[in-house]
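**Student:** For reference, the file run_22.txt (compact mmCIF, N, CA and C atoms) is included below:
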```txt
# COMPACT_ATOMS: atom_id res chain seq x y z
N MET A 1 7.05 -68.92 -39.01
CA MET A 1 7.92 -69.97 -39.50
C MET A 1 8.19 -70.95 -38.37
N SER A 2 8.44 -72.17 -38.75
CA SER A 2 8.76 -73.16 -37.74
C SER A 2 10.10 -72.84 -37.07
N SER A 3 11.00 -72.24 -37.82
CA SER A 3 12.28 -71.78 -37.31
C SER A 3 12.61 -70.51 -38.07
N ASP A 4 13.47 -69.69 -37.51
CA ASP A 4 13.72 -68.41 -38.16
C ASP A 4 14.51 -68.51 -39.46
N HIS A 5 14.97 -69.70 -39.81
CA HIS A 5 15.68 -69.79 -41.09
C HIS A 5 15.13 -70.89 -42.00
N PHE A 6 13.85 -71.19 -41.85
CA PHE A 6 13.18 -72.13 -42.74
C PHE A 6 11.92 -71.49 -43.29
N ILE A 7 11.62 -71.78 -44.55
CA ILE A 7 10.36 -71.33 -45.15
C ILE A 7 9.62 -72.58 -45.60
N THR A 8 8.39 -72.74 -45.13
CA THR A 8 7.60 -73.91 -45.43
C THR A 8 6.85 -73.75 -46.74
N PRO A 9 7.01 -74.69 -47.66
CA PRO A 9 6.26 -74.62 -48.92
C PRO A 9 4.76 -74.73 -48.63
N PRO A 10 3.96 -73.88 -49.24
CA PRO A 10 2.52 -73.95 -48.98
C PRO A 10 1.89 -75.19 -49.62
N LYS A 11 0.89 -75.72 -48.97
CA LYS A 11 0.18 -76.89 -49.49
C LYS A 11 -1.05 -76.47 -50.30
N ASP A 12 -1.60 -75.31 -50.01
CA ASP A 12 -2.79 -74.81 -50.69
C ASP A 12 -2.50 -74.66 -52.19
N PRO A 13 -3.23 -75.40 -53.06
CA PRO A 13 -2.96 -75.35 -54.50
C PRO A 13 -3.17 -73.96 -55.12
N VAL A 14 -4.12 -73.20 -54.61
CA VAL A 14 -4.36 -71.86 -55.15
C VAL A 14 -3.19 -70.94 -54.81
N LEU A 15 -2.73 -71.02 -53.57
CA LEU A 15 -1.57 -70.20 -53.17
C LEU A 15 -0.34 -70.61 -53.97
N ARG A 16 -0.15 -71.89 -54.19
CA ARG A 16 0.99 -72.35 -54.99
C ARG A 16 0.93 -71.76 -56.40
N LYS A 17 -0.26 -71.76 -57.00
CA LYS A 17 -0.42 -71.18 -58.34
C LYS A 17 -0.08 -69.69 -58.33
N ARG A 18 -0.53 -68.99 -57.30
CA ARG A 18 -0.22 -67.56 -57.19
C ARG A 18 1.28 -67.34 -57.05
N LEU A 19 1.94 -68.20 -56.28
CA LEU A 19 3.38 -68.10 -56.09
C LEU A 19 4.14 -68.44 -57.38
N GLU A 20 3.64 -69.41 -58.12
CA GLU A 20 4.26 -69.74 -59.42
C GLU A 20 4.17 -68.55 -60.37
N LYS A 21 3.01 -67.88 -60.34
CA LYS A 21 2.84 -66.68 -61.17
C LYS A 21 3.77 -65.56 -60.70
N LYS A 22 3.95 -65.44 -59.39
CA LYS A 22 4.86 -64.44 -58.84
C LYS A 22 6.30 -64.73 -59.27
N LEU A 23 6.68 -66.01 -59.27
CA LEU A 23 8.01 -66.39 -59.72
C LEU A 23 8.22 -65.95 -61.17
N GLN A 24 7.23 -66.13 -62.01
CA GLN A 24 7.33 -65.67 -63.40
C GLN A 24 7.53 -64.16 -63.45
N GLU A 25 6.84 -63.44 -62.57
CA GLU A 25 7.00 -61.98 -62.51
C GLU A 25 8.44 -61.60 -62.15
N TYR A 26 8.99 -62.27 -61.14
CA TYR A 26 10.38 -61.98 -60.76
C TYR A 26 11.34 -62.30 -61.91
N GLN A 27 11.11 -63.41 -62.59
CA GLN A 27 11.98 -63.78 -63.70
C GLN A 27 11.88 -62.77 -64.84
N THR A 28 10.70 -62.23 -65.06
CA THR A 28 10.52 -61.19 -66.08
C THR A 28 11.27 -59.93 -65.67
N ARG A 29 11.18 -59.57 -64.39
CA ARG A 29 11.92 -58.39 -63.90
C ARG A 29 13.42 -58.54 -64.13
N MET A 30 13.90 -59.77 -63.99
CA MET A 30 15.34 -60.01 -64.13
C MET A 30 15.81 -59.77 -65.57
N THR A 31 14.93 -59.89 -66.54
CA THR A 31 15.34 -59.63 -67.92
C THR A 31 15.68 -58.16 -68.12
N GLY A 32 15.13 -57.31 -67.25
CA GLY A 32 15.49 -55.90 -67.27
C GLY A 32 14.84 -55.11 -68.38
N LYS A 33 13.76 -55.61 -68.98
CA LYS A 33 13.11 -54.89 -70.07
C LYS A 33 12.85 -53.45 -69.66
N GLY A 34 13.48 -52.53 -70.35
CA GLY A 34 13.31 -51.11 -70.06
C GLY A 34 14.11 -50.62 -68.87
N LYS A 35 14.91 -51.49 -68.28
CA LYS A 35 15.70 -51.12 -67.10
C LYS A 35 17.13 -50.83 -67.50
N GLN A 36 17.84 -50.21 -66.60
CA GLN A 36 19.23 -49.82 -66.84
C GLN A 36 20.11 -51.00 -67.21
N TRP A 37 19.87 -52.17 -66.61
CA TRP A 37 20.74 -53.32 -66.81
C TRP A 37 20.31 -54.22 -67.98
N GLU A 38 19.30 -53.80 -68.75
CA GLU A 38 18.76 -54.65 -69.81
C GLU A 38 19.84 -55.18 -70.77
N LEU A 39 20.80 -54.35 -71.11
CA LEU A 39 21.81 -54.76 -72.08
C LEU A 39 23.15 -55.12 -71.43
N TRP A 40 23.19 -55.12 -70.11
CA TRP A 40 24.42 -55.46 -69.40
C TRP A 40 24.67 -56.96 -69.47
N HIS A 41 25.93 -57.32 -69.35
CA HIS A 41 26.30 -58.72 -69.18
C HIS A 41 25.66 -59.20 -67.87
N PRO A 42 25.13 -60.44 -67.82
CA PRO A 42 24.47 -60.92 -66.59
C PRO A 42 25.29 -60.77 -65.31
N GLU A 43 26.60 -60.94 -65.40
CA GLU A 43 27.42 -60.80 -64.20
C GLU A 43 27.47 -59.35 -63.73
N LEU A 44 27.36 -58.41 -64.66
CA LEU A 44 27.34 -57.00 -64.28
C LEU A 44 25.96 -56.58 -63.80
N ALA A 45 24.93 -57.18 -64.37
CA ALA A 45 23.57 -56.84 -63.95
C ALA A 45 23.40 -57.08 -62.46
N HIS A 46 24.07 -58.10 -61.94
CA HIS A 46 23.93 -58.43 -60.53
C HIS A 46 24.46 -57.33 -59.61
N THR A 47 25.19 -56.38 -60.16
CA THR A 47 25.67 -55.28 -59.33
C THR A 47 24.59 -54.24 -59.09
N HIS A 48 23.48 -54.29 -59.82
CA HIS A 48 22.40 -53.31 -59.66
C HIS A 48 21.44 -53.80 -58.57
N PRO A 49 21.13 -52.96 -57.57
CA PRO A 49 20.27 -53.39 -56.45
C PRO A 49 18.88 -53.88 -56.88
N ASP A 50 18.26 -53.26 -57.88
CA ASP A 50 16.93 -53.70 -58.31
C ASP A 50 16.99 -55.08 -58.96
N TYR A 51 18.07 -55.33 -59.68
CA TYR A 51 18.25 -56.65 -60.28
C TYR A 51 18.43 -57.70 -59.18
N ARG A 52 19.28 -57.39 -58.20
CA ARG A 52 19.52 -58.33 -57.10
C ARG A 52 18.22 -58.64 -56.36
N ASP A 53 17.39 -57.63 -56.14
CA ASP A 53 16.12 -57.82 -55.43
C ASP A 53 15.27 -58.86 -56.15
N ALA A 54 15.07 -58.69 -57.45
CA ALA A 54 14.28 -59.64 -58.22
C ALA A 54 14.96 -61.01 -58.26
N CYS A 55 16.26 -61.00 -58.41
CA CYS A 55 17.03 -62.23 -58.51
C CYS A 55 16.93 -63.05 -57.22
N TYR A 56 17.15 -62.43 -56.08
CA TYR A 56 17.11 -63.16 -54.82
C TYR A 56 15.70 -63.66 -54.52
N LYS A 57 14.69 -62.83 -54.80
CA LYS A 57 13.32 -63.28 -54.55
C LYS A 57 12.98 -64.46 -55.45
N ALA A 58 13.43 -64.42 -56.70
CA ALA A 58 13.21 -65.55 -57.61
C ALA A 58 13.95 -66.79 -57.11
N ASP A 59 15.19 -66.63 -56.68
CA ASP A 59 15.98 -67.76 -56.17
C ASP A 59 15.30 -68.39 -54.95
N VAL A 60 14.87 -67.56 -54.02
CA VAL A 60 14.24 -68.06 -52.79
C VAL A 60 12.91 -68.73 -53.12
N LEU A 61 12.08 -68.07 -53.91
CA LEU A 61 10.77 -68.62 -54.22
C LEU A 61 10.88 -69.93 -55.01
N LYS A 62 11.80 -69.98 -55.94
CA LYS A 62 12.01 -71.21 -56.72
C LYS A 62 12.42 -72.36 -55.80
N ALA A 63 13.32 -72.08 -54.87
CA ALA A 63 13.78 -73.12 -53.93
C ALA A 63 12.62 -73.60 -53.06
N VAL A 64 11.77 -72.68 -52.62
CA VAL A 64 10.63 -73.07 -51.78
C VAL A 64 9.66 -73.94 -52.59
N LEU A 65 9.34 -73.50 -53.80
CA LEU A 65 8.37 -74.25 -54.61
C LEU A 65 8.89 -75.62 -55.04
N GLU A 66 10.19 -75.76 -55.15
CA GLU A 66 10.78 -77.05 -55.54
C GLU A 66 10.97 -77.99 -54.36
N SER A 67 10.78 -77.49 -53.15
CA SER A 67 11.02 -78.30 -51.96
C SER A 67 9.71 -78.87 -51.41
N GLU A 68 9.80 -80.07 -50.90
CA GLU A 68 8.65 -80.66 -50.21
C GLU A 68 8.74 -80.41 -48.71
N LEU A 69 9.95 -80.16 -48.25
CA LEU A 69 10.20 -79.90 -46.84
C LEU A 69 10.48 -78.42 -46.64
N PRO A 70 10.42 -77.92 -45.41
CA PRO A 70 10.80 -76.53 -45.18
C PRO A 70 12.19 -76.25 -45.76
N MET A 71 12.30 -75.16 -46.50
CA MET A 71 13.54 -74.79 -47.19
C MET A 71 14.44 -74.03 -46.23
N ASP A 72 15.68 -74.48 -46.12
CA ASP A 72 16.67 -73.91 -45.21
C ASP A 72 17.31 -72.69 -45.88
N THR A 73 17.01 -71.50 -45.38
CA THR A 73 17.54 -70.28 -45.98
C THR A 73 19.03 -70.12 -45.74
N HIS A 74 19.55 -70.69 -44.64
CA HIS A 74 20.99 -70.61 -44.40
C HIS A 74 21.76 -71.36 -45.47
N SER A 75 21.25 -72.54 -45.81
CA SER A 75 21.89 -73.34 -46.86
C SER A 75 21.82 -72.63 -48.20
N LEU A 76 20.65 -72.07 -48.52
CA LEU A 76 20.50 -71.34 -49.78
C LEU A 76 21.42 -70.12 -49.80
N CYS A 77 21.56 -69.45 -48.69
CA CYS A 77 22.44 -68.28 -48.60
C CYS A 77 23.87 -68.66 -48.99
N LYS A 78 24.34 -69.78 -48.47
CA LYS A 78 25.70 -70.24 -48.80
C LYS A 78 25.83 -70.55 -50.29
N GLN A 79 24.81 -71.19 -50.86
CA GLN A 79 24.82 -71.52 -52.28
C GLN A 79 24.88 -70.26 -53.14
N LEU A 80 24.05 -69.28 -52.79
CA LEU A 80 24.00 -68.05 -53.58
C LEU A 80 25.28 -67.23 -53.41
N HIS A 81 25.85 -67.26 -52.21
CA HIS A 81 27.13 -66.56 -52.00
C HIS A 81 28.20 -67.18 -52.89
N ALA A 82 28.20 -68.50 -52.98
CA ALA A 82 29.17 -69.18 -53.85
C ALA A 82 28.93 -68.80 -55.32
N ARG A 83 27.66 -68.66 -55.71
CA ARG A 83 27.34 -68.33 -57.09
C ARG A 83 27.69 -66.89 -57.43
N TYR A 84 27.33 -65.95 -56.56
CA TYR A 84 27.47 -64.53 -56.88
C TYR A 84 28.76 -63.90 -56.35
N GLY A 85 29.44 -64.59 -55.46
CA GLY A 85 30.72 -64.09 -54.97
C GLY A 85 30.59 -62.79 -54.20
N GLU A 86 31.53 -61.89 -54.43
CA GLU A 86 31.61 -60.63 -53.68
C GLU A 86 30.39 -59.74 -53.88
N GLU A 87 29.68 -59.92 -54.96
CA GLU A 87 28.50 -59.09 -55.23
C GLU A 87 27.28 -59.52 -54.42
N PHE A 88 27.39 -60.66 -53.73
CA PHE A 88 26.25 -61.14 -52.95
C PHE A 88 25.96 -60.17 -51.82
N ASP A 89 24.69 -59.77 -51.69
CA ASP A 89 24.27 -58.80 -50.67
C ASP A 89 23.37 -59.51 -49.66
N VAL A 90 23.92 -59.78 -48.48
CA VAL A 90 23.19 -60.53 -47.47
C VAL A 90 21.92 -59.81 -47.03
N SER A 91 21.96 -58.50 -46.87
CA SER A 91 20.76 -57.79 -46.40
C SER A 91 19.63 -57.88 -47.43
N GLN A 92 19.97 -57.83 -48.71
CA GLN A 92 18.92 -57.99 -49.73
C GLN A 92 18.41 -59.42 -49.76
N PHE A 93 19.28 -60.38 -49.51
CA PHE A 93 18.85 -61.78 -49.44
C PHE A 93 17.90 -61.98 -48.26
N VAL A 94 18.23 -61.42 -47.11
CA VAL A 94 17.37 -61.54 -45.93
C VAL A 94 16.01 -60.90 -46.20
N ASN A 95 16.00 -59.75 -46.88
CA ASN A 95 14.74 -59.11 -47.25
C ASN A 95 13.93 -60.02 -48.17
N ALA A 96 14.60 -60.64 -49.14
CA ALA A 96 13.90 -61.55 -50.06
C ALA A 96 13.28 -62.72 -49.30
N CYS A 97 14.03 -63.28 -48.35
CA CYS A 97 13.51 -64.39 -47.55
C CYS A 97 12.28 -63.96 -46.75
N GLY A 98 12.33 -62.77 -46.17
CA GLY A 98 11.19 -62.27 -45.41
C GLY A 98 9.96 -62.08 -46.27
N THR A 99 10.16 -61.56 -47.46
CA THR A 99 9.03 -61.35 -48.38
C THR A 99 8.41 -62.68 -48.77
N ILE A 100 9.24 -63.63 -49.16
CA ILE A 100 8.72 -64.93 -49.60
C ILE A 100 8.09 -65.68 -48.43
N ALA A 101 8.67 -65.60 -47.25
CA ALA A 101 8.07 -66.24 -46.07
C ALA A 101 6.68 -65.67 -45.81
N ALA A 102 6.54 -64.36 -45.95
CA ALA A 102 5.24 -63.72 -45.74
C ALA A 102 4.23 -64.20 -46.79
N TYR A 103 4.66 -64.27 -48.04
CA TYR A 103 3.77 -64.76 -49.10
C TYR A 103 3.35 -66.21 -48.86
N CYS A 104 4.24 -67.00 -48.27
CA CYS A 104 3.94 -68.42 -48.01
C CYS A 104 3.14 -68.62 -46.73
N GLY A 105 2.93 -67.56 -45.96
CA GLY A 105 2.18 -67.66 -44.72
C GLY A 105 3.03 -68.05 -43.54
N ASP A 106 4.35 -67.96 -43.68
CA ASP A 106 5.28 -68.33 -42.61
C ASP A 106 5.70 -67.16 -41.75
N SER A 107 5.06 -66.04 -41.91
CA SER A 107 5.48 -64.84 -41.19
C SER A 107 4.26 -64.00 -40.87
N LEU A 108 4.31 -63.33 -39.74
CA LEU A 108 3.24 -62.40 -39.40
C LEU A 108 3.45 -61.06 -40.09
N GLU A 109 4.65 -60.86 -40.62
CA GLU A 109 4.97 -59.63 -41.35
C GLU A 109 4.19 -59.61 -42.66
N VAL A 110 3.71 -58.44 -43.03
CA VAL A 110 3.03 -58.27 -44.30
C VAL A 110 3.92 -57.41 -45.18
N PRO A 111 4.30 -57.92 -46.36
CA PRO A 111 5.14 -57.11 -47.23
C PRO A 111 4.45 -55.80 -47.59
N THR A 112 5.19 -54.72 -47.53
CA THR A 112 4.64 -53.42 -47.93
C THR A 112 5.31 -53.00 -49.21
N GLY A 113 4.61 -52.22 -50.00
CA GLY A 113 5.14 -51.83 -51.29
C GLY A 113 5.11 -53.01 -52.23
N GLY A 114 5.74 -52.88 -53.35
CA GLY A 114 5.78 -53.98 -54.30
C GLY A 114 4.43 -54.22 -54.97
N THR A 115 4.36 -55.28 -55.71
CA THR A 115 3.14 -55.57 -56.48
C THR A 115 2.26 -56.62 -55.83
N GLY A 116 2.72 -57.24 -54.76
CA GLY A 116 1.91 -58.25 -54.07
C GLY A 116 1.79 -59.53 -54.87
N LEU A 117 0.96 -60.42 -54.37
CA LEU A 117 0.75 -61.70 -55.06
C LEU A 117 -0.32 -61.52 -56.13
N PRO A 118 -0.05 -62.04 -57.32
CA PRO A 118 -1.05 -61.92 -58.39
C PRO A 118 -2.23 -62.85 -58.14
N GLU A 119 -3.38 -62.48 -58.64
CA GLU A 119 -4.56 -63.34 -58.57
C GLU A 119 -4.48 -64.37 -59.69
N VAL A 120 -5.13 -65.49 -59.51
CA VAL A 120 -5.20 -66.50 -60.55
C VAL A 120 -6.68 -66.81 -60.81
N LYS A 121 -6.93 -67.21 -62.04
CA LYS A 121 -8.33 -67.50 -62.42
C LYS A 121 -8.59 -68.98 -62.37
```
Take the structure from the file and write it as structure tokens.
**Tutor:**
Amino acid sequence: MSSDHFITPPKDPVLRKRLEKKLQEYQTRMTGKGKQWELWHPELAHTHPDYRDACYKADVLKAVLESELPMDTHSLCKQLHARYGEEFDVSQFVNACGTIAAYCGDSLEVPTGGTGLPEVK
């Protein structure tokens, strides 16, 4: 990364398509189909760690894809804290930023586990 709290939007159109598909995956995870929080009120769903993981990754990735300039994670952190209040989990947000930075090529870290970036045709 150019700085430890910025994520640069990728210029490569194929990578952008893969990231857009990944964003759809995160958004699908947030619906909770077959998960414990599927029928919970959205404000209660945010109390579940798996929901927060998908939610923060979707929030970060959406912000990166919508930005033309490097996205400031500190600014986004403040916005999400205001949105989620006391349920906001900074460590999960930092993990989400690291994962998305790696997917965008802004990190030497390689995400382990998870489903990785989907292929596009």
**Student:** Write out as a PyMOL selection string which residues come within 6.5 Å of region 93-101 of chain A when counting all atoms listed in the file, dropping same-chain ones fewer than 3 positions away.
**Tutor:** chain A and resi 7+56-57+60-61+89-90+104-107+111
**Student:** Hey, which of A:Lys121, A:Lys17, A:Lys11, A:Lys62 ends up closest to Leu76 (chain A)? Count only C-alpha atoms.
**Tutor:**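 Of A:Lys121, A:Lys17, A:Lys11, A:Lys62, the one nearest Leu76 (chain A) is A:Lys62, counting only C-alpha atoms.
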**Student:** For Ala54 (chain A), which residue among A:Arg18, A:His74, A:Arg29, A:His5 is the nearest when counting only C-alpha atoms?
**Tutor:** A:Arg29
**Student:** When you look at Glu87 (chain A) with a cut-off of 6.5 Å (counting all atoms listed in the file), what residues show up, excluding the ones that are within fewer than 2 positions of it in the same chain? I need them as an mmCIF file with N, CA and C atoms, in the coordinates of the input.
**Tutor:**
```cif
data_model
loop_
_atom_site.group_PDB
_atom_site.id
_atom_site.type_symbol
_atom_site.label_atom_id
_atom_site.label_comp_id
_atom_site.auth_asym_id
_atom_site.auth_seq_id
_atom_site.Cartn_x
_atom_site.Cartn_y
_atom_site.Cartn_z
ATOM 1 N N HIS A 46 24.070 -58.100 -61.940
ATOM 2 C CA HIS A 46 23.930 -58.430 -60.530
ATOM 3 C C HIS A 46 24.460 -57.330 -59.610
ATOM 4 N N THR A 47 25.190 -56.380 -60.160
ATOM 5 C CA THR A 47 25.670 -55.280 -59.330
ATOM 6 C C THR A 47 24.590 -54.240 -59.090
ATOM 7 N N TYR A 84 27.330 -65.950 -56.560
ATOM 8 C CA TYR A 84 27.470 -64.530 -56.880
ATOM 9 C C TYR A 84 28.760 -63.900 -56.350
ATOM 10 N N GLY A 85 29.440 -64.590 -55.460
ATOM 11 C CA GLY A 85 30.720 -64.090 -54.970
ATOM 12 C C GLY A 85 30.590 -62.790 -54.200
ATOM 13 N N ASP A 89 24.690 -59.770 -51.690
ATOM 14 C CA ASP A 89 24.270 -58.800 -50.670
ATOM 15 C C ASP A 89 23.370 -59.510 -49.660
#
```
**Student:** Using Å and a single decimal, report how far atom N of Asp12 (chain A) sits from atom C of Asp50 (chain A).
**Tutor:** 28.9 Å
**Student:** Work out how far atom C of His48 (chain A) is from atom C of Glu25 (chain A), in Å to one decimal.
**Tutor:**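 We find that atom C of Glu25 (chain A) and atom C of His48 (chain A) lie 15.6 Å from each other.
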**Student:** What residues in chain A get the DSSP label strand (DSSP E or B)? Please answer as a ChimeraX atom specification.
**Tutor:** /A:6-7,71-72
**Student:** Enter the distance from atom N of Met30 (chain A) to atom C of His81 (chain A), in Å, rounded to one decimal.
**Tutor:**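 One can read the atom N of Met30 (chain A) to atom C of His81 (chain A) distance as 19.6 Å.
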**Student:** From region 1-118 of chain A, collect each residue whose DSSP state is helix (DSSP H, G or I) and return the set as number ranges by chain.
**Tutor:** A: 13-31, 42-45, 49-66, 73-87, 90-104
